[in-house]
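Data file: run.pdb. Format and content: PDB, C-alpha atoms and all ligand atoms.
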ATOM      1  CA  MET Q   1     174.247 131.969  84.584
ATOM      2  CA  SER Q   2     173.677 129.598  87.442
ATOM      3  CA  LYS Q   3     173.070 131.230  90.854
ATOM      4  CA  ILE Q   4     173.014 127.960  92.750
ATOM      5  CA  ARG Q   5     174.948 124.803  91.944
ATOM      6  CA  VAL Q   6     174.489 121.659  93.997
ATOM      7  CA  GLU Q   7     176.649 118.604  93.341
ATOM      8  CA  HIS Q   8     175.979 115.285  95.031
ATOM      9  CA  LEU Q   9     174.833 116.905  98.260
ATOM     10  CA  LYS Q  10     174.364 114.411 101.081
ATOM     11  CA  TYR Q  11     173.527 115.367 104.620
ATOM     12  CA  ARG Q  12     172.666 113.584 107.868
ATOM     13  CA  TYR Q  13     171.701 115.339 111.134
ATOM     14  CA  PRO Q  14     173.979 114.388 114.053
ATOM     15  CA  SER Q  15     171.160 112.717 115.990
ATOM     16  CA  SER Q  16     169.844 110.788 112.995
ATOM     17  CA  GLU Q  17     170.797 107.559 111.281
ATOM     18  CA  LYS Q  18     169.262 108.290 107.913
ATOM     19  CA  LEU Q  19     170.162 110.864 105.313
ATOM     20  CA  ALA Q  20     167.973 113.985 105.320
ATOM     21  CA  LEU Q  21     169.399 114.902 101.899
ATOM     22  CA  ASP Q  22     170.410 112.029  99.690
ATOM     23  CA  ASP Q  23     172.673 112.798  96.732
ATOM     24  CA  LEU Q  24     171.081 115.949  95.288
ATOM     25  CA  SER Q  25     172.492 117.524  92.135
ATOM     26  CA  PHE Q  26     170.917 120.472  90.318
ATOM     27  CA  GLU Q  27     171.396 124.070  89.222
ATOM     28  CA  VAL Q  28     169.244 127.168  89.552
ATOM     29  CA  ASP Q  29     169.612 130.092  87.156
ATOM     30  CA  GLU Q  30     169.491 133.764  88.024
ATOM     31  CA  GLY Q  31     165.921 135.081  88.238
ATOM     32  CA  GLU Q  32     164.268 131.698  88.640
ATOM     33  CA  MET Q  33     161.621 131.037  91.259
ATOM     34  CA  ILE Q  34     161.814 127.429  92.410
ATOM     35  CA  GLY Q  35     159.100 125.714  94.435
ATOM     36  CA  ILE Q  36     160.167 122.865  96.717
ATOM     37  CA  ILE Q  37     157.392 120.413  97.490
ATOM     38  CA  GLY Q  38     157.017 117.055  99.215
ATOM     39  CA  ARG Q  39     155.478 115.439 102.280
ATOM     40  CA  ASN Q  40     156.399 116.322 105.891
ATOM     41  CA  GLY Q  41     159.973 115.216 106.493
ATOM     42  CA  ALA Q  42     160.850 115.087 102.770
ATOM     43  CA  GLY Q  43     163.827 117.392 103.349
ATOM     44  CA  LYS Q  44     162.505 120.777 102.181
ATOM     45  CA  SER Q  45     163.613 122.779 105.235
ATOM     46  CA  THR Q  46     166.928 120.957 105.414
ATOM     47  CA  LEU Q  47     167.639 121.931 101.801
ATOM     48  CA  CYS Q  48     166.674 125.556 102.561
ATOM     49  CA  GLN Q  49     169.160 125.550 105.458
ATOM     50  CA  ALA Q  50     171.826 124.094 103.167
ATOM     51  CA  PHE Q  51     171.581 127.176 100.897
ATOM     52  CA  VAL Q  52     172.273 129.576 103.783
ATOM     53  CA  GLY Q  53     174.927 127.418 105.440
ATOM     54  CA  LEU Q  54     173.029 126.567 108.639
ATOM     55  CA  VAL Q  55     173.478 123.047 107.263
ATOM     56  CA  PRO Q  56     176.197 122.113 108.100
ATOM     57  CA  HIS Q  57     177.740 125.062 110.042
ATOM     58  CA  PHE Q  58     175.025 125.341 112.703
ATOM     59  CA  TYR Q  59     173.496 121.859 112.734
ATOM     60  CA  ARG Q  60     176.812 120.007 112.169
ATOM     61  CA  GLY Q  61     176.283 116.390 111.163
ATOM     62  CA  ALA Q  62     177.668 114.425 108.216
ATOM     63  CA  TYR Q  63     177.978 116.417 104.991
ATOM     64  CA  GLY Q  64     179.154 115.429 101.537
ATOM     65  CA  GLY Q  65     179.169 117.001  98.084
ATOM     66  CA  LYS Q  66     179.167 120.677  97.230
ATOM     67  CA  VAL Q  67     176.778 123.641  97.347
ATOM     68  CA  VAL Q  68     177.763 126.898  95.624
ATOM     69  CA  VAL Q  69     175.503 129.946  96.068
ATOM     70  CA  SER Q  70     176.286 133.196  94.239
ATOM     71  CA  GLY Q  71     179.836 131.980  93.702
ATOM     72  CA  LEU Q  72     180.463 131.096  97.372
ATOM     73  CA  GLU Q  73     181.042 127.500  98.348
ATOM     74  CA  VAL Q  74     178.896 126.945 101.429
ATOM     75  CA  LEU Q  75     181.291 124.570 103.172
ATOM     76  CA  LYS Q  76     184.164 127.064 102.872
ATOM     77  CA  SER Q  77     182.148 130.188 103.784
ATOM     78  CA  SER Q  78     180.821 131.414 107.118
ATOM     79  CA  VAL Q  79     177.113 131.868 107.754
ATOM     80  CA  SER Q  80     177.629 135.645 107.964
ATOM     81  CA  GLN Q  81     179.493 135.747 104.620
ATOM     82  CA  LEU Q  82     176.687 133.745 103.087
ATOM     83  CA  ALA Q  83     174.050 136.009 104.642
ATOM     84  CA  ARG Q  84     175.189 138.853 102.380
ATOM     85  CA  ARG Q  85     174.376 136.784  99.290
ATOM     86  CA  VAL Q  86     171.431 134.692 100.382
ATOM     87  CA  GLY Q  87     168.638 135.666 102.778
ATOM     88  CA  ILE Q  88     166.207 133.339 104.490
ATOM     89  CA  VAL Q  89     162.704 133.896 105.844
ATOM     90  CA  PHE Q  90     161.135 131.248 108.072
ATOM     91  CA  GLN Q  91     157.618 130.008 108.658
ATOM     92  CA  ASN Q  92     156.693 132.099 111.646
ATOM     93  CA  PRO Q  93     157.294 135.864 111.380
ATOM     94  CA  PHE Q  94     157.423 136.119 115.193
ATOM     95  CA  THR Q  95     160.659 134.144 115.312
ATOM     96  CA  GLN Q  96     162.259 136.615 112.923
ATOM     97  CA  VAL Q  97     161.301 139.859 114.688
ATOM     98  CA  THR Q  98     163.911 141.235 117.104
ATOM     99  CA  GLY Q  99     161.233 142.211 119.655
ATOM    100  CA  SER Q 100     163.385 145.148 120.773
ATOM    101  CA  LYS Q 101     162.442 147.764 118.151
ATOM    102  CA  TRP Q 102     159.611 150.277 118.387
ATOM    103  CA  THR Q 103     158.886 150.779 114.705
ATOM    104  CA  VAL Q 104     158.898 148.817 111.467
ATOM    105  CA  TYR Q 105     161.548 151.237 110.196
ATOM    106  CA  GLU Q 106     163.923 150.497 113.083
ATOM    107  CA  GLU Q 107     163.275 146.788 112.696
ATOM    108  CA  VAL Q 108     164.297 146.851 109.025
ATOM    109  CA  ALA Q 109     167.323 149.020 109.922
ATOM    110  CA  PHE Q 110     168.554 146.513 112.497
ATOM    111  CA  GLY Q 111     170.490 144.185 110.184
ATOM    112  CA  LEU Q 112     172.050 147.122 108.328
ATOM    113  CA  GLU Q 113     173.245 148.705 111.580
ATOM    114  CA  ASN Q 114     174.918 145.410 112.433
ATOM    115  CA  LEU Q 115     176.697 145.428 109.081
ATOM    116  CA  GLY Q 116     177.863 149.002 109.651
ATOM    117  CA  VAL Q 117     176.262 150.306 106.444
ATOM    118  CA  PRO Q 118     176.770 154.116 106.097
ATOM    119  CA  ARG Q 119     173.743 156.183 107.130
ATOM    120  CA  LYS Q 120     172.807 157.607 103.732
ATOM    121  CA  GLU Q 121     172.972 154.179 102.088
ATOM    122  CA  MET Q 122     171.036 152.686 104.965
ATOM    123  CA  ILE Q 123     168.165 155.127 104.456
ATOM    124  CA  ASP Q 124     168.073 154.384 100.719
ATOM    125  CA  ARG Q 125     168.053 150.642 101.275
ATOM    126  CA  ILE Q 126     165.318 150.752 103.923
ATOM    127  CA  ASP Q 127     163.121 153.006 101.767
ATOM    128  CA  TYR Q 128     163.600 150.677  98.809
ATOM    129  CA  ALA Q 129     162.816 147.526 100.806
ATOM    130  CA  LEU Q 130     159.722 149.017 102.490
ATOM    131  CA  GLN Q 131     158.412 150.325  99.184
ATOM    132  CA  LEU Q 132     158.989 147.023  97.369
ATOM    133  CA  LEU Q 133     157.134 145.082 100.053
ATOM    134  CA  GLY Q 134     154.315 147.655 100.199
ATOM    135  CA  MET Q 135     155.202 148.460 103.817
ATOM    136  CA  GLU Q 136     156.084 152.171 103.644
ATOM    137  CA  LYS Q 137     152.723 153.198 105.109
ATOM    138  CA  TYR Q 138     153.461 151.133 108.217
ATOM    139  CA  ARG Q 139     156.974 152.427 108.762
ATOM    140  CA  ASP Q 140     156.123 154.063 112.107
ATOM    141  CA  ARG Q 141     153.969 151.199 113.396
ATOM    142  CA  HIS Q 142     155.058 148.977 116.245
ATOM    143  CA  PRO Q 143     156.117 145.595 114.784
ATOM    144  CA  PHE Q 144     153.685 143.732 117.019
ATOM    145  CA  ASP Q 145     150.757 145.903 115.874
ATOM    146  CA  LEU Q 146     150.935 144.407 112.385
ATOM    147  CA  SER Q 147     148.774 141.679 110.867
ATOM    148  CA  GLY Q 148     150.479 138.341 110.141
ATOM    149  CA  GLY Q 149     150.848 139.186 106.444
ATOM    150  CA  GLN Q 150     152.284 142.621 107.228
ATOM    151  CA  MET Q 151     154.666 141.151 109.783
ATOM    152  CA  GLN Q 152     155.915 138.575 107.305
ATOM    153  CA  ARG Q 153     156.378 141.310 104.697
ATOM    154  CA  MET Q 154     158.373 143.285 107.265
ATOM    155  CA  ALA Q 155     160.542 140.202 107.868
ATOM    156  CA  ILE Q 156     161.129 139.906 104.113
ATOM    157  CA  ALA Q 157     161.899 143.661 103.894
ATOM    158  CA  SER Q 158     164.531 143.234 106.640
ATOM    159  CA  VAL Q 159     166.189 140.507 104.577
ATOM    160  CA  ILE Q 160     165.878 142.442 101.295
ATOM    161  CA  ALA Q 161     167.528 145.508 102.855
ATOM    162  CA  LEU Q 162     170.663 143.391 103.167
ATOM    163  CA  GLN Q 163     170.590 143.126  99.350
ATOM    164  CA  PRO Q 164     170.878 139.362  98.948
ATOM    165  CA  GLU Q 165     171.000 137.891  95.446
ATOM    166  CA  ILE Q 166     168.940 134.895  96.485
ATOM    167  CA  LEU Q 167     165.898 134.779  98.745
ATOM    168  CA  VAL Q 168     164.958 131.508 100.467
ATOM    169  CA  LEU Q 169     161.463 131.256 101.925
ATOM    170  CA  ASP Q 170     160.575 128.250 104.073
ATOM    171  CA  GLU Q 171     156.779 128.039 104.230
ATOM    172  CA  PRO Q 172     156.471 131.819 104.644
ATOM    173  CA  THR Q 173     152.675 131.872 104.632
ATOM    174  CA  SER Q 174     151.690 128.758 106.544
ATOM    175  CA  GLN Q 175     150.717 130.860 109.591
ATOM    176  CA  LEU Q 176     148.750 133.383 107.531
ATOM    177  CA  ASP Q 177     145.141 133.705 106.423
ATOM    178  CA  PRO Q 178     144.415 133.702 102.653
ATOM    179  CA  GLN Q 179     144.659 137.503 102.386
ATOM    180  CA  GLY Q 180     147.943 137.705 104.283
ATOM    181  CA  SER Q 181     149.281 134.859 102.206
ATOM    182  CA  GLU Q 182     148.308 136.571  98.950
ATOM    183  CA  GLU Q 183     150.007 139.820 100.113
ATOM    184  CA  VAL Q 184     153.238 137.941 100.688
ATOM    185  CA  PHE Q 185     153.116 136.134  97.356
ATOM    186  CA  ARG Q 186     152.446 139.356  95.451
ATOM    187  CA  ALA Q 187     155.403 140.949  97.216
ATOM    188  CA  VAL Q 188     157.654 138.013  96.359
ATOM    189  CA  HIS Q 189     156.454 138.207  92.770
ATOM    190  CA  ARG Q 190     157.554 141.861  92.661
ATOM    191  CA  LEU Q 191     160.983 140.881  93.992
ATOM    192  CA  ARG Q 192     161.316 138.353  91.239
ATOM    193  CA  GLU Q 193     160.413 140.998  88.661
ATOM    194  CA  GLU Q 194     163.355 142.963  90.081
ATOM    195  CA  GLY Q 195     165.598 140.028  89.181
ATOM    196  CA  MET Q 196     165.792 138.210  92.536
ATOM    197  CA  THR Q 197     166.325 134.450  92.517
ATOM    198  CA  VAL Q 198     163.756 132.856  94.836
ATOM    199  CA  ILE Q 199     163.576 129.425  96.481
ATOM    200  CA  LEU Q 200     160.279 128.616  98.143
ATOM    201  CA  ALA Q 201     159.323 125.581 100.237
ATOM    202  CA  GLU Q 202     155.547 125.534 100.351
ATOM    203  CA  HIS Q 203     152.545 123.251 100.835
ATOM    204  CA  ASN Q 204     150.081 125.437  98.892
ATOM    205  CA  MET Q 205     150.242 123.921  95.412
ATOM    206  CA  GLU Q 206     147.967 126.545  93.833
ATOM    207  CA  LYS Q 207     150.494 129.217  94.859
ATOM    208  CA  ILE Q 208     153.447 127.148  93.653
ATOM    209  CA  ALA Q 209     151.743 126.631  90.290
ATOM    210  CA  ARG Q 210     150.973 130.315  89.960
ATOM    211  CA  TYR Q 211     154.297 131.815  90.961
ATOM    212  CA  CYS Q 212     157.110 129.304  90.361
ATOM    213  CA  ASN Q 213     158.731 128.543  87.016
ATOM    214  CA  ARG Q 214     160.082 125.169  88.207
ATOM    215  CA  VAL Q 215     159.096 122.724  90.899
ATOM    216  CA  MET Q 216     161.329 120.316  92.792
ATOM    217  CA  LEU Q 217     159.579 117.277  94.233
ATOM    218  CA  LEU Q 218     161.466 115.775  97.176
ATOM    219  CA  ASP Q 219     160.824 112.503  98.950
ATOM    220  CA  GLY Q 220     163.015 110.839 101.544
ATOM    221  CA  GLY Q 221     165.710 113.432 100.861
ATOM    222  CA  LYS Q 222     165.860 112.552  97.153
ATOM    223  CA  ILE Q 223     164.836 114.545  94.091
ATOM    224  CA  ILE Q 224     161.929 112.720  92.465
ATOM    225  CA  ASP Q 225     161.313 115.362  89.810
ATOM    226  CA  PHE Q 226     162.506 118.871  88.940
ATOM    227  CA  ALA Q 227     160.558 120.383  86.073
ATOM    228  CA  SER Q 228     157.831 122.882  85.103
ATOM    229  CA  PRO Q 229     154.741 123.076  87.364
ATOM    230  CA  ALA Q 230     152.630 121.647  84.515
ATOM    231  CA  SER Q 231     154.914 118.662  84.124
ATOM    232  CA  VAL Q 232     155.268 117.905  87.854
ATOM    233  CA  PHE Q 233     151.589 118.454  88.691
ATOM    234  CA  SER Q 234     150.456 116.278  85.777
ATOM    235  CA  ARG Q 235     152.209 113.231  87.269
ATOM    236  CA  ALA Q 236     149.701 110.498  88.029
ATOM    237  CA  ASP Q 237     151.678 109.246  91.048
ATOM    238  CA  LEU Q 238     151.782 112.429  93.191
ATOM    239  CA  THR Q 239     149.718 111.007  96.055
ATOM    240  CA  ARG Q 240     152.489 108.493  96.578
ATOM    241  CA  TYR Q 241     154.659 111.468  97.567
ATOM    242  CA  GLY Q 242     152.036 113.054  99.800
ATOM    243  CA  VAL Q 243     151.295 115.823  97.296
ATOM    244  CA  VAL Q 244     147.836 116.847  96.122
ATOM    245  CA  PRO Q 245     148.091 118.839  92.855
ATOM    246  CA  PRO Q 246     146.276 122.184  92.403
ATOM    247  CA  VAL Q 247     142.489 121.861  92.319
ATOM    248  CA  TYR Q 248     142.452 123.151  88.706
ATOM    249  CA  THR Q 249     144.735 120.290  87.669
ATOM    250  CA  ARG Q 250     142.556 117.737  89.458
ATOM    251  CA  VAL Q 251     139.394 119.010  87.755
ATOM    252  CA  CYS Q 252     141.031 119.007  84.329
ATOM    253  CA  ARG Q 253     142.437 115.523  84.900
ATOM    254  CA  GLU Q 254     138.964 114.305  85.842
ATOM    255  CA  LEU Q 255     137.591 115.798  82.598
ATOM    256  CA  ASN Q 256     140.695 114.824  80.597
ATOM    257  CA  ALA Q 257     140.981 118.480  79.538
ATOM    258  CA  LYS Q 258     144.370 119.508  78.135
ATOM    259  CA  ARG Q 259     145.470 122.321  75.870
ATOM    260  CA  GLU Q 260     145.675 121.008  72.326
ATOM    261  CA  GLY Q 261     149.038 119.390  71.706
ATOM    262  CA  SER Q 262     150.114 119.634  75.356
ATOM    263  CA  PRO Q 263     150.986 116.482  77.299
ATOM    264  CA  HIS Q 264     150.159 118.286  80.574
ATOM    265  CA  PHE Q 265     147.066 119.406  82.436
ATOM    266  CA  PRO Q 266     146.455 123.082  83.302
ATOM    267  CA  VAL Q 267     147.793 124.138  86.717
ATOM    268  CA  THR Q 268     146.283 127.601  87.226
ATOM    269  CA  LEU Q 269     142.739 128.979  87.234
ATOM    270  CA  GLU Q 270     143.381 130.977  84.058
ATOM    271  CA  GLU Q 271     144.750 127.991  82.123
ATOM    272  CA  ALA Q 272     141.935 125.738  83.292
ATOM    273  CA  CYS Q 273     139.278 128.292  82.254
ATOM    274  CA  GLU Q 274     140.890 128.711  78.861
ATOM    275  CA  VAL Q 275     141.007 124.966  78.210
ATOM    276  CA  LEU Q 276     137.522 124.299  79.540
ATOM    277  CA  LYS Q 277     135.952 127.204  77.592
ATOM    278  CA  GLY Q 278     137.466 125.851  74.396
ATOM    279  CA  ARG Q 279     135.571 122.579  74.764
TER     280      ARG Q 279
HETATM  281  N1  LIG Q 301     167.269 119.213 113.816
HETATM  282  C1  LIG Q 301     167.072 117.963 113.369
HETATM  283  N2  LIG Q 301     167.701 116.908 113.930
HETATM  284  C2  LIG Q 301     167.525 115.651 113.479
HETATM  285  N3  LIG Q 301     166.721 115.328 112.428
HETATM  286  C3  LIG Q 301     166.070 116.332 111.824
HETATM  287  C4  LIG Q 301     166.204 117.704 112.258
HETATM  288  N4  LIG Q 301     165.435 118.471 111.464
HETATM  289  C5  LIG Q 301     164.857 117.635 110.585
HETATM  290  N5  LIG Q 301     165.238 116.364 110.785
HETATM  291  C6  LIG Q 301     164.853 115.169 109.985
HETATM  292  O1  LIG Q 301     165.328 115.366 108.664
HETATM  293  C7  LIG Q 301     164.341 114.934 107.712
HETATM  294  C8  LIG Q 301     163.956 116.097 106.824
HETATM  295  O2  LIG Q 301     163.273 117.057 107.620
HETATM  296  P1  LIG Q 301     162.834 118.484 107.079
HETATM  297  O3  LIG Q 301     162.474 119.307 108.266
HETATM  298  O4  LIG Q 301     163.873 119.009 106.166
HETATM  299  O5  LIG Q 301     161.521 118.115 106.245
HETATM  300  P2  LIG Q 301     160.449 119.088 105.564
HETATM  301  O6  LIG Q 301     160.279 118.586 104.165
HETATM  302  O7  LIG Q 301     160.846 120.493 105.740
HETATM  303  O8  LIG Q 301     159.116 118.754 106.389
HETATM  304  P3  LIG Q 301     157.876 119.717 106.771
HETATM  305  O9  LIG Q 301     156.945 119.681 105.597
HETATM  306  O10 LIG Q 301     157.281 119.048 107.959
HETATM  307  O11 LIG Q 301     158.389 121.085 107.072
HETATM  308  C9  LIG Q 301     163.184 114.348 108.525
HETATM  309  O12 LIG Q 301     163.394 112.960 108.616
HETATM  310  C10 LIG Q 301     163.348 115.012 109.871
HETATM  311  O13 LIG Q 301     162.852 114.199 110.894
HETATM  312 MG    MG Q 302     159.963 122.132 106.716
END
The structure in this file should be written as structure tokens.
Ligand SMILES: Nc1ncnc2c1ncn2[C@@H]1O[C@H](COP(=O)(O)OP(=O)(O)OP(=O)(O)O)[C@@H](O)[C@H]1O
Ligand SMILES: [Mg+2]
Amino acid sequence: MSKIRVEHLKYRYPSSEKLALDDLSFEVDEGEMIGIIGRNGAGKSTLCQAFVGLVPHFYRGAYGGKVVVSGLEVLKSSVSQLARRVGIVFQNPFTQVTGSKWTVYEEVAFGLENLGVPRKEMIDRIDYALQLLGMEKYRDRHPFDLSGGQMQRMAIASVIALQPEILVLDEPTSQLDPQGSEEVFRAVHRLREEGMTVILAEHNMEKIARYCNRVMLLDGGKIIDFASPASVFSRADLTRYGVVPPVYTRVCRELNAKREGSPHFPVTLEEACEVLKGR
């Protein structure tokens, strides 16, 4: 069943003359994890905002077409209605922390208090979110005494506690070191195993290849390709779109190493090792 349906979406920011999103149509099924890639300014963040309704409700501007997330049409729903179905986590965890709470636990509780969730249910939801993100051992820590990776996981836990059906992550690890980044990706992977639908805008192609089942390549607000990581990363023209494929794909391309019968190059370390060992 499709969790997201986009039909001929066009969008232009009020201060701009050109379309930031130019006639996008696609569907995302329940439980998919979609990577959105493309050069700076390709439209990745704008598309993320279109899923949660900030485009067009907050940014205004010219909007055409239709976006339906979890059965709600974005244009006809408020941002707060949408927030119960689709959660978003931004680049910098600092921007997402309230700054007024003394513990991780209170921070994660904040959104639920606002929704007026009954106390018993609130406790269950917070425990679940902290446990899923591997944050229960930090529950009594001050939010600003966390590492970047922990803080981002706390931000994700706060969103997960609201029980969205879709999680949108806009470059969630770009501020993090490799370890913090890996912590976040493992946590997101666990969420997906729990059935969450995930949309991820990201510049780290190795991570996209490892964790996403489909990749959307954007350029100039248009969809250039939307297919498996192997298919997208095997394109010979990626540099034209400002994308450098995973290092494993580049090595295998250089050596012309493909799995027998496959038209595509390996995209992960494991696949590359398997193909190269077999030679
Ligand atoms: N608030 C805004 N007002 C006007 N134009 C904007 C605004 N935000 C983005 N844009 C423009 O919309 C286009 C798409 O930008 P967007 O931020 O979605 O790209 P992106 O793919 O997320 O880039 P990056 O990799 O740098 O995050 C760009 O031309 C950008 O300049
Ligand atoms: Mg962006």
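Counting all atoms listed in the file and comparing Q:Phe90, Q:Tyr13, Q:Phe58, Q:Tyr128, the residue that lies closest to ligand LIG 301 (chain Q) is Q:Tyr13.
Applied to this file, the PyMOL selection byres (((not hetatm)) within 12 of (chain Q and resi 302)) selects the residues Q:Ala20, Q:Ile36, Q:Ile37, Q:Gly38, Q:Arg39, Q:Asn40, Q:Gly41, Q:Ala42, Q:Gly43, Q:Lys44, Q:Ser45, Q:Thr46, Q:Leu47, Q:Cys48, Q:Gln49, Q:Phe90, Q:Gln91, Q:Asn92, Q:Leu169, Q:Asp170, Q:Glu171, Q:Pro172, Q:Ser174, Q:Leu200, Q:Ala201, Q:Glu202, Q:His203, Q:Leu218, Q:Gly221.
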Point to revise | Within-12 Å shell of (165.0, 111.5, 95.9) in input frame, all atoms listed in the file, as JSON, numbers by chain | key: {"Q": [8, 9, 10, 19, 20, 21, 22, 23, 24, 25, 37, 38, 42, 43, 44, 216, 217, 218, 219, 220, 221, 222, 223, 224, 225, 226, 241]}
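Atom CA of Q:Gln152 lies 5.1 Å from atom CA of Q:Pro93.
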**Study point:** Residues in the PyMOL selection byres (((chain Q and resi 75) around 8) and not hetatm), expressed as JSON, numbers by chain
**Key:** {"Q": [53, 56, 57, 66, 67, 73, 74, 76, 77, 78]}
**Study point:** From Q:Ile34, Q:Tyr59, Q:Arg214, Q:Glu7, residue lying nearest ligand LIG 301 (chain Q) [all atoms listed in the file]
**Key:**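 With all atoms listed in the file as the atom set, the closest residue is Q:Tyr59.
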The PyMOL selection byres (((chain Q and resi 177-186) around 12) and not hetatm) on the file shown: which residues, as a PDB file with C-alpha atoms, keeping the file's coordinate frame?
ATOM      1  CA  MET Q  33     161.621 131.037  91.259  1.00  0.00           C
ATOM      2  CA  VAL Q  89     162.704 133.896 105.844  1.00  0.00           C
ATOM      3  CA  GLN Q  91     157.618 130.008 108.658  1.00  0.00           C
ATOM      4  CA  PRO Q  93     157.294 135.864 111.380  1.00  0.00           C
ATOM      5  CA  LEU Q 132     158.989 147.023  97.369  1.00  0.00           C
ATOM      6  CA  LEU Q 133     157.134 145.082 100.053  1.00  0.00           C
ATOM      7  CA  GLY Q 134     154.315 147.655 100.199  1.00  0.00           C
ATOM      8  CA  MET Q 135     155.202 148.460 103.817  1.00  0.00           C
ATOM      9  CA  LEU Q 146     150.935 144.407 112.385  1.00  0.00           C
ATOM     10  CA  SER Q 147     148.774 141.679 110.867  1.00  0.00           C
ATOM     11  CA  GLY Q 148     150.479 138.341 110.141  1.00  0.00           C
ATOM     12  CA  GLY Q 149     150.848 139.186 106.444  1.00  0.00           C
ATOM     13  CA  GLN Q 150     152.284 142.621 107.228  1.00  0.00           C
ATOM     14  CA  MET Q 151     154.666 141.151 109.783  1.00  0.00           C
ATOM     15  CA  GLN Q 152     155.915 138.575 107.305  1.00  0.00           C
ATOM     16  CA  ARG Q 153     156.378 141.310 104.697  1.00  0.00           C
ATOM     17  CA  MET Q 154     158.373 143.285 107.265  1.00  0.00           C
ATOM     18  CA  ALA Q 155     160.542 140.202 107.868  1.00  0.00           C
ATOM     19  CA  ILE Q 156     161.129 139.906 104.113  1.00  0.00           C
ATOM     20  CA  ALA Q 157     161.899 143.661 103.894  1.00  0.00           C
ATOM     21  CA  LEU Q 169     161.463 131.256 101.925  1.00  0.00           C
ATOM     22  CA  GLU Q 171     156.779 128.039 104.230  1.00  0.00           C
ATOM     23  CA  PRO Q 172     156.471 131.819 104.644  1.00  0.00           C
ATOM     24  CA  THR Q 173     152.675 131.872 104.632  1.00  0.00           C
ATOM     25  CA  SER Q 174     151.690 128.758 106.544  1.00  0.00           C
ATOM     26  CA  GLN Q 175     150.717 130.860 109.591  1.00  0.00           C
ATOM     27  CA  LEU Q 176     148.750 133.383 107.531  1.00  0.00           C
ATOM     28  CA  ALA Q 187     155.403 140.949  97.216  1.00  0.00           C
ATOM     29  CA  VAL Q 188     157.654 138.013  96.359  1.00  0.00           C
ATOM     30  CA  HIS Q 189     156.454 138.207  92.770  1.00  0.00           C
ATOM     31  CA  ARG Q 190     157.554 141.861  92.661  1.00  0.00           C
ATOM     32  CA  LEU Q 191     160.983 140.881  93.992  1.00  0.00           C
ATOM     33  CA  ARG Q 192     161.316 138.353  91.239  1.00  0.00           C
ATOM     34  CA  GLU Q 193     160.413 140.998  88.661  1.00  0.00           C
ATOM     35  CA  VAL Q 198     163.756 132.856  94.836  1.00  0.00           C
ATOM     36  CA  LEU Q 200     160.279 128.616  98.143  1.00  0.00           C
ATOM     37  CA  GLU Q 202     155.547 125.534 100.351  1.00  0.00           C
ATOM     38  CA  ASN Q 204     150.081 125.437  98.892  1.00  0.00           C
ATOM     39  CA  GLU Q 206     147.967 126.545  93.833  1.00  0.00           C
ATOM     40  CA  LYS Q 207     150.494 129.217  94.859  1.00  0.00           C
ATOM     41  CA  ILE Q 208     153.447 127.148  93.653  1.00  0.00           C
ATOM     42  CA  ALA Q 209     151.743 126.631  90.290  1.00  0.00           C
ATOM     43  CA  ARG Q 210     150.973 130.315  89.960  1.00  0.00           C
ATOM     44  CA  TYR Q 211     154.297 131.815  90.961  1.00  0.00           C
ATOM     45  CA  CYS Q 212     157.110 129.304  90.361  1.00  0.00           C
TER      46      CYS Q 212
END
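Distances from Q:Arg235, Q:Arg240, Q:Arg253, Q:Arg5 to Q:Ala272 were compared using only C-alpha atoms, and the smallest one belongs to Q:Arg253.
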